[in-house]
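Asker: Dropping in final21.csv, which is CSV, C-alpha atoms:
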chain,number,residue,atom,x,y,z
A,1,MET,CA,23.6,-8.1,7.2
A,2,ALA,CA,20.2,-7.1,8.6
A,3,THR,CA,18.5,-7.9,5.4
A,4,GLY,CA,19.2,-11.5,6.2
A,5,ARG,CA,16.4,-11.3,8.8
A,6,ALA,CA,13.0,-12.8,7.9
A,7,ASN,CA,11.7,-10.4,5.4
A,8,PRO,CA,8.3,-9.1,6.5
A,9,SER,CA,5.8,-9.4,3.7
A,10,ARG,CA,3.0,-7.0,2.8
A,11,GLY,CA,0.7,-9.5,4.5
A,12,ALA,CA,2.4,-8.7,7.9
A,13,ALA,CA,4.1,-5.5,8.8
A,14,GLY,CA,3.4,-3.9,5.4
A,15,LYS,CA,-0.3,-4.7,5.3
A,16,THR,CA,-2.5,-1.8,4.3
A,17,GLY,CA,-4.7,-0.7,7.2
A,18,ALA,CA,-2.6,-2.4,9.9
A,19,PRO,CA,-2.5,0.4,12.5
A,20,HIS,CA,0.8,-0.6,14.1
A,21,ALA,CA,2.7,-1.9,11.1
A,22,TRP,CA,5.4,0.8,11.6
A,23,ARG,CA,6.0,-0.5,15.1
A,24,SER,CA,7.2,-3.9,13.6
A,25,ALA,CA,8.9,-2.7,10.4
A,26,GLU,CA,11.9,-4.8,9.7
A,27,PRO,CA,15.0,-4.2,7.5
A,28,ALA,CA,14.8,-5.3,3.9
A,29,PRO,CA,16.6,-4.3,0.7
A,30,LEU,CA,13.7,-2.0,-0.2
A,31,VAL,CA,11.3,-0.5,2.4
A,32,LEU,CA,8.6,2.0,1.3
A,33,LEU,CA,6.9,4.1,4.0
A,34,GLN,CA,3.7,5.3,2.4
A,35,GLY,CA,1.4,8.0,3.8
A,36,PRO,CA,1.2,11.6,5.0
A,37,GLU,CA,1.8,11.2,8.7
A,38,ASP,CA,5.4,12.4,9.1
A,39,TYR,CA,5.7,11.4,12.7
A,40,ILE,CA,4.9,7.8,12.1
A,41,ALA,CA,7.3,7.8,9.1
A,42,SER,CA,10.1,9.2,11.4
A,43,ARG,CA,9.4,6.4,13.9
A,44,ALA,CA,9.5,3.8,11.1
A,45,PHE,CA,12.9,5.2,9.9
A,46,ASP,CA,14.1,4.9,13.5
A,47,ARG,CA,12.8,1.4,13.9
A,48,VAL,CA,14.5,0.1,10.8
A,49,ARG,CA,17.7,1.9,11.6
A,50,SER,CA,17.9,0.4,15.1
A,51,ARG,CA,17.1,-3.1,13.9
A,52,VAL,CA,19.9,-3.0,11.4
A,53,ARG,CA,22.4,-1.8,14.0
A,54,GLU,CA,21.4,-4.6,16.3
A,55,ASP,CA,23.3,-6.9,13.9
A,56,GLN,CA,25.8,-4.3,12.5
A,57,PRO,CA,26.5,-1.5,15.0
A,58,GLU,CA,28.9,0.1,12.6
A,59,ALA,CA,26.4,0.3,9.7
A,60,GLU,CA,26.7,3.6,7.9
A,61,THR,CA,23.6,5.8,7.4
A,62,ILE,CA,23.3,7.9,4.2
A,63,ALA,CA,20.4,10.3,3.8
A,64,PHE,CA,19.0,11.9,0.7
A,65,GLU,CA,16.3,14.3,-0.2
A,66,ALA,CA,14.6,13.1,-3.4
A,67,THR,CA,13.9,16.7,-4.4
A,68,SER,CA,17.6,17.7,-4.5
A,69,TYR,CA,19.1,14.4,-5.5
A,70,GLN,CA,21.9,14.4,-8.1
A,71,ARG,CA,22.3,11.6,-10.7
A,72,GLY,CA,24.5,8.7,-9.6
A,73,GLU,CA,24.4,9.4,-5.8
A,74,LEU,CA,22.3,6.3,-5.1
A,75,LEU,CA,24.6,3.9,-6.9
A,76,LEU,CA,27.6,5.4,-5.3
A,77,ALA,CA,26.1,5.2,-1.8
A,78,ALA,CA,25.0,1.6,-2.4
A,79,SER,CA,28.4,0.5,-3.6
A,80,PRO,CA,30.2,-2.1,-1.4
A,81,SER,CA,32.1,-0.7,1.6
A,82,LEU,CA,35.8,-1.1,1.9
A,83,PHE,CA,35.3,-2.8,5.3
A,84,ALA,CA,32.2,-4.8,4.3
A,85,GLU,CA,30.0,-2.8,6.6
A,86,GLY,CA,26.3,-2.6,6.1
A,87,LYS,CA,24.6,0.5,4.8
A,88,ILE,CA,21.3,2.2,5.5
A,89,ILE,CA,20.1,4.6,2.8
A,90,GLU,CA,17.2,6.9,3.9
A,91,VAL,CA,15.3,8.8,1.3
A,92,ARG,CA,12.7,11.5,2.1
A,93,SER,CA,10.4,13.6,0.0
A,94,LEU,CA,9.5,11.0,-2.6
A,95,ALA,CA,6.3,12.9,-3.3
A,96,ALA,CA,8.4,15.7,-4.8
A,97,MET,CA,11.2,13.6,-6.3
A,98,ASN,CA,13.1,15.0,-9.2
A,99,GLU,CA,13.6,13.1,-12.5
A,100,GLU,CA,17.2,12.1,-11.6
A,101,PHE,CA,16.1,10.2,-8.5
A,102,LEU,CA,13.2,8.7,-10.3
A,103,GLU,CA,15.4,7.2,-13.0
A,104,ASP,CA,18.1,6.0,-10.7
A,105,MET,CA,15.7,4.4,-8.3
A,106,MET,CA,13.8,2.7,-11.1
A,107,ALA,CA,17.1,1.2,-12.2
A,108,TYR,CA,18.3,0.3,-8.7
A,109,SER,CA,15.0,-1.4,-7.7
A,110,ALA,CA,15.6,-4.0,-10.5
A,111,ALA,CA,18.6,-5.4,-8.6
A,112,PRO,CA,19.0,-4.0,-5.1
A,113,ALA,CA,22.2,-4.7,-3.2
A,114,ASP,CA,21.9,-7.5,-0.6
A,115,ASP,CA,23.9,-5.7,2.1
A,116,VAL,CA,22.1,-2.3,1.8
A,117,VAL,CA,18.7,-1.3,3.3
A,118,VAL,CA,17.0,1.5,1.4
A,119,VAL,CA,14.1,3.1,3.3
A,120,MET,CA,12.0,5.7,1.4
A,121,HIS,CA,9.1,7.9,2.4
A,122,HIS,CA,6.3,8.9,0.0
A,123,SER,CA,3.7,11.2,1.7
A,124,GLY,CA,1.1,10.9,-1.0
A,125,GLY,CA,-0.1,12.2,-4.3
A,126,ASN,CA,0.4,11.1,-7.9
A,127,ARG,CA,4.0,12.1,-8.3
A,128,GLY,CA,6.2,9.0,-8.6
A,129,LYS,CA,3.3,6.5,-9.0
A,130,LYS,CA,5.2,4.6,-11.6
A,131,LEU,CA,8.1,4.2,-9.1
A,132,LEU,CA,5.8,3.1,-6.3
A,133,ASP,CA,4.3,0.4,-8.5
A,134,THR,CA,7.7,-0.7,-9.5
A,135,LEU,CA,8.9,-0.9,-5.9
A,136,LYS,CA,5.9,-2.9,-4.8
A,137,SER,CA,6.4,-5.3,-7.8
A,138,ALA,CA,10.0,-5.7,-6.8
A,139,GLY,CA,8.9,-6.9,-3.3
A,140,ALA,CA,9.5,-3.8,-1.3
A,141,VAL,CA,8.1,-3.9,2.2
A,142,VAL,CA,5.3,-1.4,2.4
A,143,VAL,CA,4.6,0.3,5.7
A,144,GLU,CA,1.5,2.5,6.0
A,145,CYS,CA,2.0,5.9,7.6
A,146,GLN,CA,-1.6,7.2,7.9
A,147,PRO,CA,-2.9,9.8,10.3
A,148,LEU,CA,-4.8,8.5,13.4
A,149,LYS,CA,-8.2,10.2,12.9
A,150,LYS,CA,-10.4,8.3,15.3
A,151,ASP,CA,-10.3,8.7,19.0
A,152,SER,CA,-10.1,4.9,19.3
A,153,GLU,CA,-6.9,4.9,17.2
A,154,LYS,CA,-5.4,7.6,19.4
A,155,LEU,CA,-6.3,5.7,22.5
A,156,ASP,CA,-4.7,2.5,21.0
A,157,PHE,CA,-1.6,4.5,20.2
A,158,VAL,CA,-1.3,5.7,23.8
A,159,ALA,CA,-1.9,2.2,25.2
A,160,GLN,CA,0.8,0.8,22.9
A,161,GLU,CA,3.3,3.5,23.9
A,162,PHE,CA,2.9,2.5,27.5
A,163,LYS,CA,2.9,-1.2,26.7
A,164,ASN,CA,6.2,-0.9,24.8
A,165,ALA,CA,7.7,0.8,27.9
A,166,LYS,CA,6.3,-2.1,30.1
A,167,ARG,CA,4.0,0.3,31.8
A,168,ARG,CA,0.2,0.5,32.1
A,169,ILE,CA,-2.2,3.4,31.7
A,170,HIS,CA,-5.8,3.1,32.8
A,171,SER,CA,-8.4,3.6,30.1
A,172,ASP,CA,-9.9,6.8,31.7
A,173,ALA,CA,-6.4,8.2,32.0
A,174,ALA,CA,-5.7,7.5,28.4
A,175,ARG,CA,-9.0,9.3,27.4
A,176,ALA,CA,-8.0,12.3,29.5
A,177,LEU,CA,-4.6,12.4,27.9
A,178,VAL,CA,-6.0,12.3,24.4
A,179,ALA,CA,-8.5,15.0,25.3
A,180,ALA,CA,-5.8,17.1,26.8
A,181,VAL,CA,-3.2,16.9,24.2
A,182,GLY,CA,-5.3,16.8,21.0
A,183,SER,CA,-4.7,15.2,17.6
A,184,ASP,CA,-1.0,16.1,17.0
A,185,LEU,CA,0.7,12.7,17.2
A,186,GLN,CA,4.1,14.0,18.0
A,187,GLU,CA,2.7,16.0,21.0
A,188,LEU,CA,0.8,12.9,22.1
A,189,ALA,CA,3.9,10.7,22.0
A,190,ALA,CA,5.9,13.4,23.8
A,191,ALA,CA,3.2,13.5,26.5
A,192,CYS,CA,3.4,9.7,26.9
A,193,THR,CA,7.2,9.9,27.2
A,194,GLN,CA,6.9,12.5,29.8
A,195,LEU,CA,4.6,10.5,31.9
A,196,ILE,CA,6.7,7.3,31.5
A,197,GLN,CA,9.9,9.1,32.5
A,198,ASP,CA,8.5,11.2,35.3
A,199,THR,CA,6.3,8.7,37.1
A,200,THR,CA,6.3,5.2,38.4
A,201,GLY,CA,3.6,2.5,38.6
A,202,GLU,CA,0.3,2.5,36.7
A,203,ILE,CA,-0.9,5.8,35.3
A,204,GLU,CA,-4.3,6.9,36.6
A,205,GLN,CA,-6.4,9.9,35.6
A,206,ASP,CA,-5.3,12.0,38.6
A,207,THR,CA,-1.7,11.8,37.3
A,208,VAL,CA,-2.8,12.9,33.8
A,209,ASP,CA,-4.8,15.8,35.3
A,210,ARG,CA,-1.8,16.8,37.4
A,211,TYR,CA,0.4,17.1,34.3
A,212,PHE,CA,-2.0,18.1,31.6
A,213,GLY,CA,-5.2,19.3,33.3
A,214,GLY,CA,-4.7,22.9,32.3
A,215,ARG,CA,-5.0,22.1,28.6
A,216,VAL,CA,-8.1,23.6,26.9
A,217,GLU,CA,-9.6,20.3,25.7
A,218,ALA,CA,-9.3,18.5,29.0
A,219,THR,CA,-10.8,21.5,30.9
A,220,GLY,CA,-13.8,21.6,28.6
A,221,PHE,CA,-14.6,17.9,28.8
A,222,LYS,CA,-14.0,17.9,32.6
A,223,VAL,CA,-16.5,20.8,33.0
A,224,ALA,CA,-19.0,19.0,30.8
A,225,ASP,CA,-18.7,15.6,32.5
A,226,ALA,CA,-19.3,17.2,35.9
A,227,ALA,CA,-22.2,19.3,34.7
A,228,LEU,CA,-24.0,16.4,33.0
A,229,THR,CA,-23.8,14.3,36.1
A,230,GLY,CA,-25.2,17.0,38.4
A,231,ARG,CA,-22.0,17.9,40.2
A,232,GLY,CA,-22.5,21.6,39.9
A,233,ALA,CA,-20.0,22.7,42.5
A,234,LEU,CA,-17.2,20.8,40.8
A,235,ALA,CA,-18.3,22.0,37.3
A,236,LEU,CA,-18.3,25.6,38.3
A,237,SER,CA,-15.1,25.5,40.2
A,238,THR,CA,-13.3,23.9,37.3
A,239,LEU,CA,-14.9,26.4,34.9
A,240,ARG,CA,-13.9,29.4,37.0
A,241,HIS,CA,-10.3,28.2,37.3
A,242,ALA,CA,-10.1,27.6,33.5
A,243,LEU,CA,-11.5,31.1,32.8
A,244,ALA,CA,-9.2,32.7,35.3
A,245,THR,CA,-6.1,31.1,33.7
A,246,GLY,CA,-7.1,32.3,30.2
A,247,THR,CA,-9.1,29.5,28.7
A,248,ASP,CA,-11.5,30.7,26.0
A,249,PRO,CA,-15.2,30.0,26.6
A,250,VAL,CA,-15.8,28.8,23.1
A,251,PRO,CA,-14.3,25.3,23.3
A,252,ILE,CA,-15.9,24.7,26.7
A,253,VAL,CA,-19.4,25.4,25.2
A,254,ALA,CA,-18.4,23.1,22.3
A,255,ALA,CA,-17.6,20.3,24.8
A,256,LEU,CA,-21.0,20.9,26.6
A,257,ALA,CA,-22.8,20.7,23.2
A,258,MET,CA,-21.0,17.5,22.1
A,259,LYS,CA,-21.6,15.7,25.4
A,260,LEU,CA,-25.3,16.6,25.4
A,261,ARG,CA,-25.7,15.4,21.8
A,262,GLN,CA,-24.0,12.1,22.7
A,263,VAL,CA,-26.3,11.6,25.6
A,264,ALA,CA,-29.4,12.4,23.4
A,265,LYS,CA,-28.2,9.8,20.8
A,266,VAL,CA,-27.9,6.9,23.2
A,267,ALA,CA,-30.8,7.8,25.6
A,268,GLY,CA,-33.5,5.1,25.6
A,269,GLN,CA,-31.5,2.8,23.3
A,270,ARG,CA,-31.4,-0.9,24.2
A,271,LYS,CA,-28.6,-1.9,21.9
A,272,SER,CA,-25.0,-2.8,22.9
A,273,SER,CA,-22.3,-0.2,23.1
A,274,GLY,CA,-20.5,-1.8,20.2
A,275,GLN,CA,-23.6,-1.8,18.0
A,276,LEU,CA,-24.4,1.8,18.8
A,277,ALA,CA,-20.8,2.8,18.2
A,278,ARG,CA,-21.0,1.5,14.7
A,279,GLU,CA,-24.4,3.0,14.0
A,280,LEU,CA,-23.7,6.4,15.5
A,281,GLY,CA,-20.0,6.8,14.4
A,282,MET,CA,-18.8,7.0,18.0
A,283,ALA,CA,-16.1,5.1,19.9
A,284,PRO,CA,-17.4,2.4,22.2
A,285,TRP,CA,-16.0,4.1,25.2
A,286,GLN,CA,-17.9,7.3,24.2
A,287,VAL,CA,-21.1,5.3,24.0
A,288,GLN,CA,-20.5,3.7,27.4
A,289,GLN,CA,-19.8,7.1,29.0
A,290,ALA,CA,-22.9,8.7,27.4
A,291,GLN,CA,-25.1,5.7,28.5
A,292,GLU,CA,-23.9,6.2,32.1
A,293,GLN,CA,-24.7,10.0,31.9
A,294,ALA,CA,-28.1,9.3,30.3
A,295,GLN,CA,-29.5,8.0,33.5
A,296,TYR,CA,-29.4,11.6,34.9
A,297,TRP,CA,-31.6,12.9,32.1
A,298,THR,CA,-35.2,13.1,31.0
A,299,PRO,CA,-36.0,13.8,27.3
A,300,ASP,CA,-37.6,17.1,28.1
A,301,GLU,CA,-34.6,18.3,30.1
A,302,LEU,CA,-32.2,17.2,27.3
A,303,VAL,CA,-34.1,19.3,24.8
A,304,ARG,CA,-34.2,22.3,27.1
A,305,CYS,CA,-30.5,22.1,27.8
A,306,LEU,CA,-29.5,21.7,24.1
A,307,ARG,CA,-31.4,24.9,23.5
A,308,LEU,CA,-29.6,26.5,26.4
A,309,VAL,CA,-26.2,25.5,25.0
A,310,ALA,CA,-27.2,26.8,21.5
A,311,GLU,CA,-27.9,30.2,23.1
A,312,ALA,CA,-24.6,30.1,25.0
A,313,ASP,CA,-22.8,29.2,21.8
A,314,ALA,CA,-24.1,32.3,20.0
A,315,GLN,CA,-23.3,34.5,23.1
A,316,VAL,CA,-19.7,33.4,23.4
A,317,LYS,CA,-19.2,34.0,19.7
A,318,GLY,CA,-20.2,37.6,19.8
A,319,ALA,CA,-23.8,37.9,20.7
A,320,SER,CA,-23.1,38.8,24.3
A,321,ARG,CA,-20.8,41.4,25.9
A,322,ASP,CA,-20.1,38.9,28.7
A,323,PRO,CA,-19.2,35.5,27.2
A,324,GLU,CA,-17.9,34.2,30.6
A,325,TYR,CA,-21.3,34.8,32.2
A,326,ALA,CA,-23.0,33.0,29.3
A,327,VAL,CA,-20.9,29.8,29.7
A,328,GLU,CA,-21.3,29.9,33.5
A,329,ARG,CA,-25.1,30.2,33.1
A,330,ALA,CA,-25.1,27.2,30.7
A,331,VAL,CA,-23.0,25.1,33.1
A,332,THR,CA,-25.3,26.0,36.0
A,333,GLY,CA,-28.4,25.2,34.1
A,334,ILE,CA,-27.1,21.8,32.9
A,335,ALA,CA,-26.0,20.8,36.4
A,336,LEU,CA,-29.3,21.8,38.0
A,337,ALA,CA,-31.2,19.9,35.3
A,338,ALA,CA,-29.3,16.6,35.8
A,339,ARG,CA,-31.2,14.3,38.2
A,340,ARG,CA,-29.2,13.3,41.3
Transcribe the structure of this file into structure tokens.
Answerer:
Amino acid sequence: MATGRANPSRGAAGKTGAPHAWRSAEPAPLVLLQGPEDYIASRAFDRVRSRVREDQPEAETIAFEATSYQRGELLLAASPSLFAEGKIIEVRSLAAMNEEFLEDMMAYSAAPADDVVVVMHHSGGNRGKKLLDTLKSAGAVVVECQPLKKDSEKLDFVAQEFKNAKRRIHSDAARALVAAVGSDLQELAAACTQLIQDTTGEIEQDTVDRYFGGRVEATGFKVADAALTGRGALALSTLRHALATGTDPVPIVAALAMKLRQVAKVAGQRKSSGQLARELGMAPWQVQQAQEQAQYWTPDELVRCLRLVAEADAQVKGASRDPEYAVERAVTGIALAARR
């Protein structure tokens, strides 16, 4: 049975804070998926299930919702199969478990069946803390399912998706993809899958732009990057296309403001990108990009353009009857101020 594999300890796949623990989750008598990121939990369920079926293709999967569980169902599901086939028991919604499940699982964890893999997901909160402590004491493999909050974590997620598919995505293309798709992990994974299936060779930024360049986030940052490096014609043409296709001016102004603030933070600094990233709370690639853009700016022009963007922000949020003109004026002013 799959539980005969080397049992990953909490010091390996189950280590708290290990960002890709779910990618290497292995079958064990008790597997606890812990954390609020449902998409990562679903991938971990899939991973354990597929690993079991590598050894036992006929292994039966039985699913429970801990909220609607009825007493005795777990023991019945875990009872030996007539044909000695393995079993995978998947339990969701532990954070809202009822008393029947709590009591049955407490009893089962004391002596789990050797030929059964029980995988459970607890999304967080205090409900069932006693059970979680008991499962960990019983040697359950713990897999963290935490949201990816930092851009660096999302970039790493994208890189790993392509690496697992034996493909490569360039760093600038990965940044463009994260900017375009946003923070929803399921959407980000789907975007990676689309690029992997629909393209060949290495993924460059032009490919990402062709597939996802119309997304609001990508458009805003593309306008900002062109403006901050003095490429006025490109910035304005990208902006006008975005506005013509329905993009709201507000996120574009927000992108301009963020990029200018990043340049202001790194301008004149002599420290390494890694050191500045730690001090400023930015990703190293953001620091490097801001340092490259800082060469186009003097302190006085930075201050003037930050004020210009602040005015534009107020105008696109209701202070002006023509928000599109306001953002175009800001983009023009920034592009003209950048030294070429």
Asker: Between A:Arg43, A:Arg329, A:His241, A:Lys150, which has the minimum distance to Ala189 (chain A) (counting only C-alpha atoms)?
Answerer: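 Counting only C-alpha atoms, the residue closest to Ala189 (chain A) is A:Arg43.
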Asker: Could you tell me how far CA of Val48 (chain A) lies from CA of Arg71 (chain A), in Å and to one decimal?
Answerer: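 Value for the CA of Val48 (chain A)-CA of Arg71 (chain A) distance: 25.6 Å.
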Asker: Which one is closest to Val266 (chain A): A:Pro284, A:Gly86, A:Pro249, A:Gly35? Count all atoms listed in the file.
Answerer: A:Pro284
Asker: Record the distance separating CA of Cys305 (chain A) and CA of Ala277 (chain A), expressed in Å with one decimal.
Answerer: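 Answer for the CA of Cys305 (chain A) to CA of Ala277 (chain A) separation: 23.6 Å.
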Asker: Between CA of Asp172 (chain A) and CA of Ser152 (chain A), what distance in Å does the model show, to one decimal?
Answerer: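 Taking CA of Asp172 (chain A) and CA of Ser152 (chain A), their separation equals 12.5 Å.
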Asker: Identify the residues around (-34.4, 15.4, 25.8) within a radius of 12 Å, measuring from only C-alpha atoms in the coordinates stated by the file, and give them as a PDB file with C-alpha atoms, in the coordinates of the input.
Answerer:
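Saved to point23.pdb:
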ATOM      1  CA  LEU A 260     -25.300  16.600  25.400  1.00  0.00           C
ATOM      2  CA  ARG A 261     -25.700  15.400  21.800  1.00  0.00           C
ATOM      3  CA  GLN A 262     -24.000  12.100  22.700  1.00  0.00           C
ATOM      4  CA  VAL A 263     -26.300  11.600  25.600  1.00  0.00           C
ATOM      5  CA  ALA A 264     -29.400  12.400  23.400  1.00  0.00           C
ATOM      6  CA  LYS A 265     -28.200   9.800  20.800  1.00  0.00           C
ATOM      7  CA  VAL A 266     -27.900   6.900  23.200  1.00  0.00           C
ATOM      8  CA  ALA A 267     -30.800   7.800  25.600  1.00  0.00           C
ATOM      9  CA  GLY A 268     -33.500   5.100  25.600  1.00  0.00           C
ATOM     10  CA  ALA A 294     -28.100   9.300  30.300  1.00  0.00           C
ATOM     11  CA  GLN A 295     -29.500   8.000  33.500  1.00  0.00           C
ATOM     12  CA  TYR A 296     -29.400  11.600  34.900  1.00  0.00           C
ATOM     13  CA  TRP A 297     -31.600  12.900  32.100  1.00  0.00           C
ATOM     14  CA  THR A 298     -35.200  13.100  31.000  1.00  0.00           C
ATOM     15  CA  PRO A 299     -36.000  13.800  27.300  1.00  0.00           C
ATOM     16  CA  ASP A 300     -37.600  17.100  28.100  1.00  0.00           C
ATOM     17  CA  GLU A 301     -34.600  18.300  30.100  1.00  0.00           C
ATOM     18  CA  LEU A 302     -32.200  17.200  27.300  1.00  0.00           C
ATOM     19  CA  VAL A 303     -34.100  19.300  24.800  1.00  0.00           C
ATOM     20  CA  ARG A 304     -34.200  22.300  27.100  1.00  0.00           C
ATOM     21  CA  CYS A 305     -30.500  22.100  27.800  1.00  0.00           C
ATOM     22  CA  LEU A 306     -29.500  21.700  24.100  1.00  0.00           C
ATOM     23  CA  ARG A 307     -31.400  24.900  23.500  1.00  0.00           C
ATOM     24  CA  ALA A 337     -31.200  19.900  35.300  1.00  0.00           C
ATOM     25  CA  ALA A 338     -29.300  16.600  35.800  1.00  0.00           C
TER      26      ALA A 338
END
Asker: Using only C-alpha atoms, which residue out of A:Val143, A:Ala190, A:Val208, A:Val117 lies closest to Ile169 (chain A)?
Answerer: A:Val208
Asker: Could you name the residues that touch Val116 (chain A) at 12 Å or less, counting only C-alpha atoms, but leaving out those on the same chain fewer than 4 positions away, as a PyMOL selection string?
Answerer: chain A and resi 1-4+27-31+49+52+56+59-62+74-81+84-90+108-109+111-112
Asker: Restricting the calculation to all atoms listed in the file, which member of A:Phe221, A:Tyr325, A:Tyr39, A:Trp22 is positioned closest to Leu185 (chain A)?
Answerer: A:Tyr39
Asker: With all heavy atoms retained, output region 60-67 of chain A as a CSV table (one decimal), in the first residue's frame.
Answerer:
chain,number,residue,atom,x,y,z
A,60,GLU,N,-9.6,2.9,-3.8
A,60,GLU,CA,-11.0,3.5,-3.7
A,60,GLU,C,-10.8,4.9,-3.0
A,60,GLU,O,-10.1,5.0,-2.0
A,60,GLU,CB,-11.9,2.6,-2.9
A,60,GLU,CG,-13.3,3.2,-2.8
A,60,GLU,CD,-14.3,2.4,-2.0
A,60,GLU,OE1,-13.8,1.3,-1.4
A,60,GLU,OE2,-15.5,2.7,-1.8
A,61,THR,N,-11.5,5.9,-3.5
A,61,THR,CA,-11.5,7.2,-2.8
A,61,THR,C,-12.9,7.4,-2.2
A,61,THR,O,-13.9,7.3,-2.9
A,61,THR,CB,-11.2,8.3,-3.8
A,61,THR,OG1,-9.9,8.1,-4.3
A,61,THR,CG2,-11.2,9.7,-3.1
A,62,ILE,N,-12.9,7.8,-0.9
A,62,ILE,CA,-14.1,8.0,-0.2
A,62,ILE,C,-14.0,9.5,0.4
A,62,ILE,O,-13.0,9.8,1.0
A,62,ILE,CB,-14.3,7.0,1.0
A,62,ILE,CG1,-14.3,5.6,0.4
A,62,ILE,CG2,-15.6,7.3,1.7
A,62,ILE,CD1,-14.2,4.5,1.5
A,63,ALA,N,-15.0,10.3,0.1
A,63,ALA,CA,-15.0,11.7,0.5
A,63,ALA,C,-16.0,12.0,1.6
A,63,ALA,O,-17.2,11.5,1.5
A,63,ALA,CB,-15.1,12.6,-0.7
A,64,PHE,N,-15.6,12.8,2.6
A,64,PHE,CA,-16.6,13.3,3.6
A,64,PHE,C,-16.5,14.8,3.8
A,64,PHE,O,-15.4,15.4,3.6
A,64,PHE,CB,-16.2,12.6,5.0
A,64,PHE,CG,-16.4,11.1,5.1
A,64,PHE,CD1,-15.4,10.3,5.5
A,64,PHE,CD2,-17.7,10.6,4.8
A,64,PHE,CE1,-15.6,8.9,5.6
A,64,PHE,CE2,-17.9,9.2,4.9
A,64,PHE,CZ,-16.8,8.4,5.3
A,65,GLU,N,-17.6,15.3,4.1
A,65,GLU,CA,-17.6,16.7,4.6
A,65,GLU,C,-17.7,16.6,6.2
A,65,GLU,O,-18.7,16.0,6.7
A,65,GLU,CB,-18.8,17.5,4.0
A,65,GLU,CG,-18.6,17.9,2.6
A,65,GLU,CD,-17.6,18.9,2.4
A,65,GLU,OE1,-17.4,19.8,3.3
A,65,GLU,OE2,-17.0,19.0,1.3
A,66,ALA,N,-16.8,17.2,6.9
A,66,ALA,CA,-16.8,17.1,8.3
A,66,ALA,C,-18.0,17.8,9.0
A,66,ALA,O,-18.4,17.5,10.1
A,66,ALA,CB,-15.5,17.6,8.9
A,67,THR,N,-18.6,18.7,8.2
A,67,THR,CA,-19.8,19.4,8.8
A,67,THR,C,-21.1,18.5,8.8
A,67,THR,O,-21.9,18.7,9.6
A,67,THR,CB,-20.1,20.6,8.0
A,67,THR,OG1,-20.2,20.3,6.6
A,67,THR,CG2,-19.0,21.6,8.1
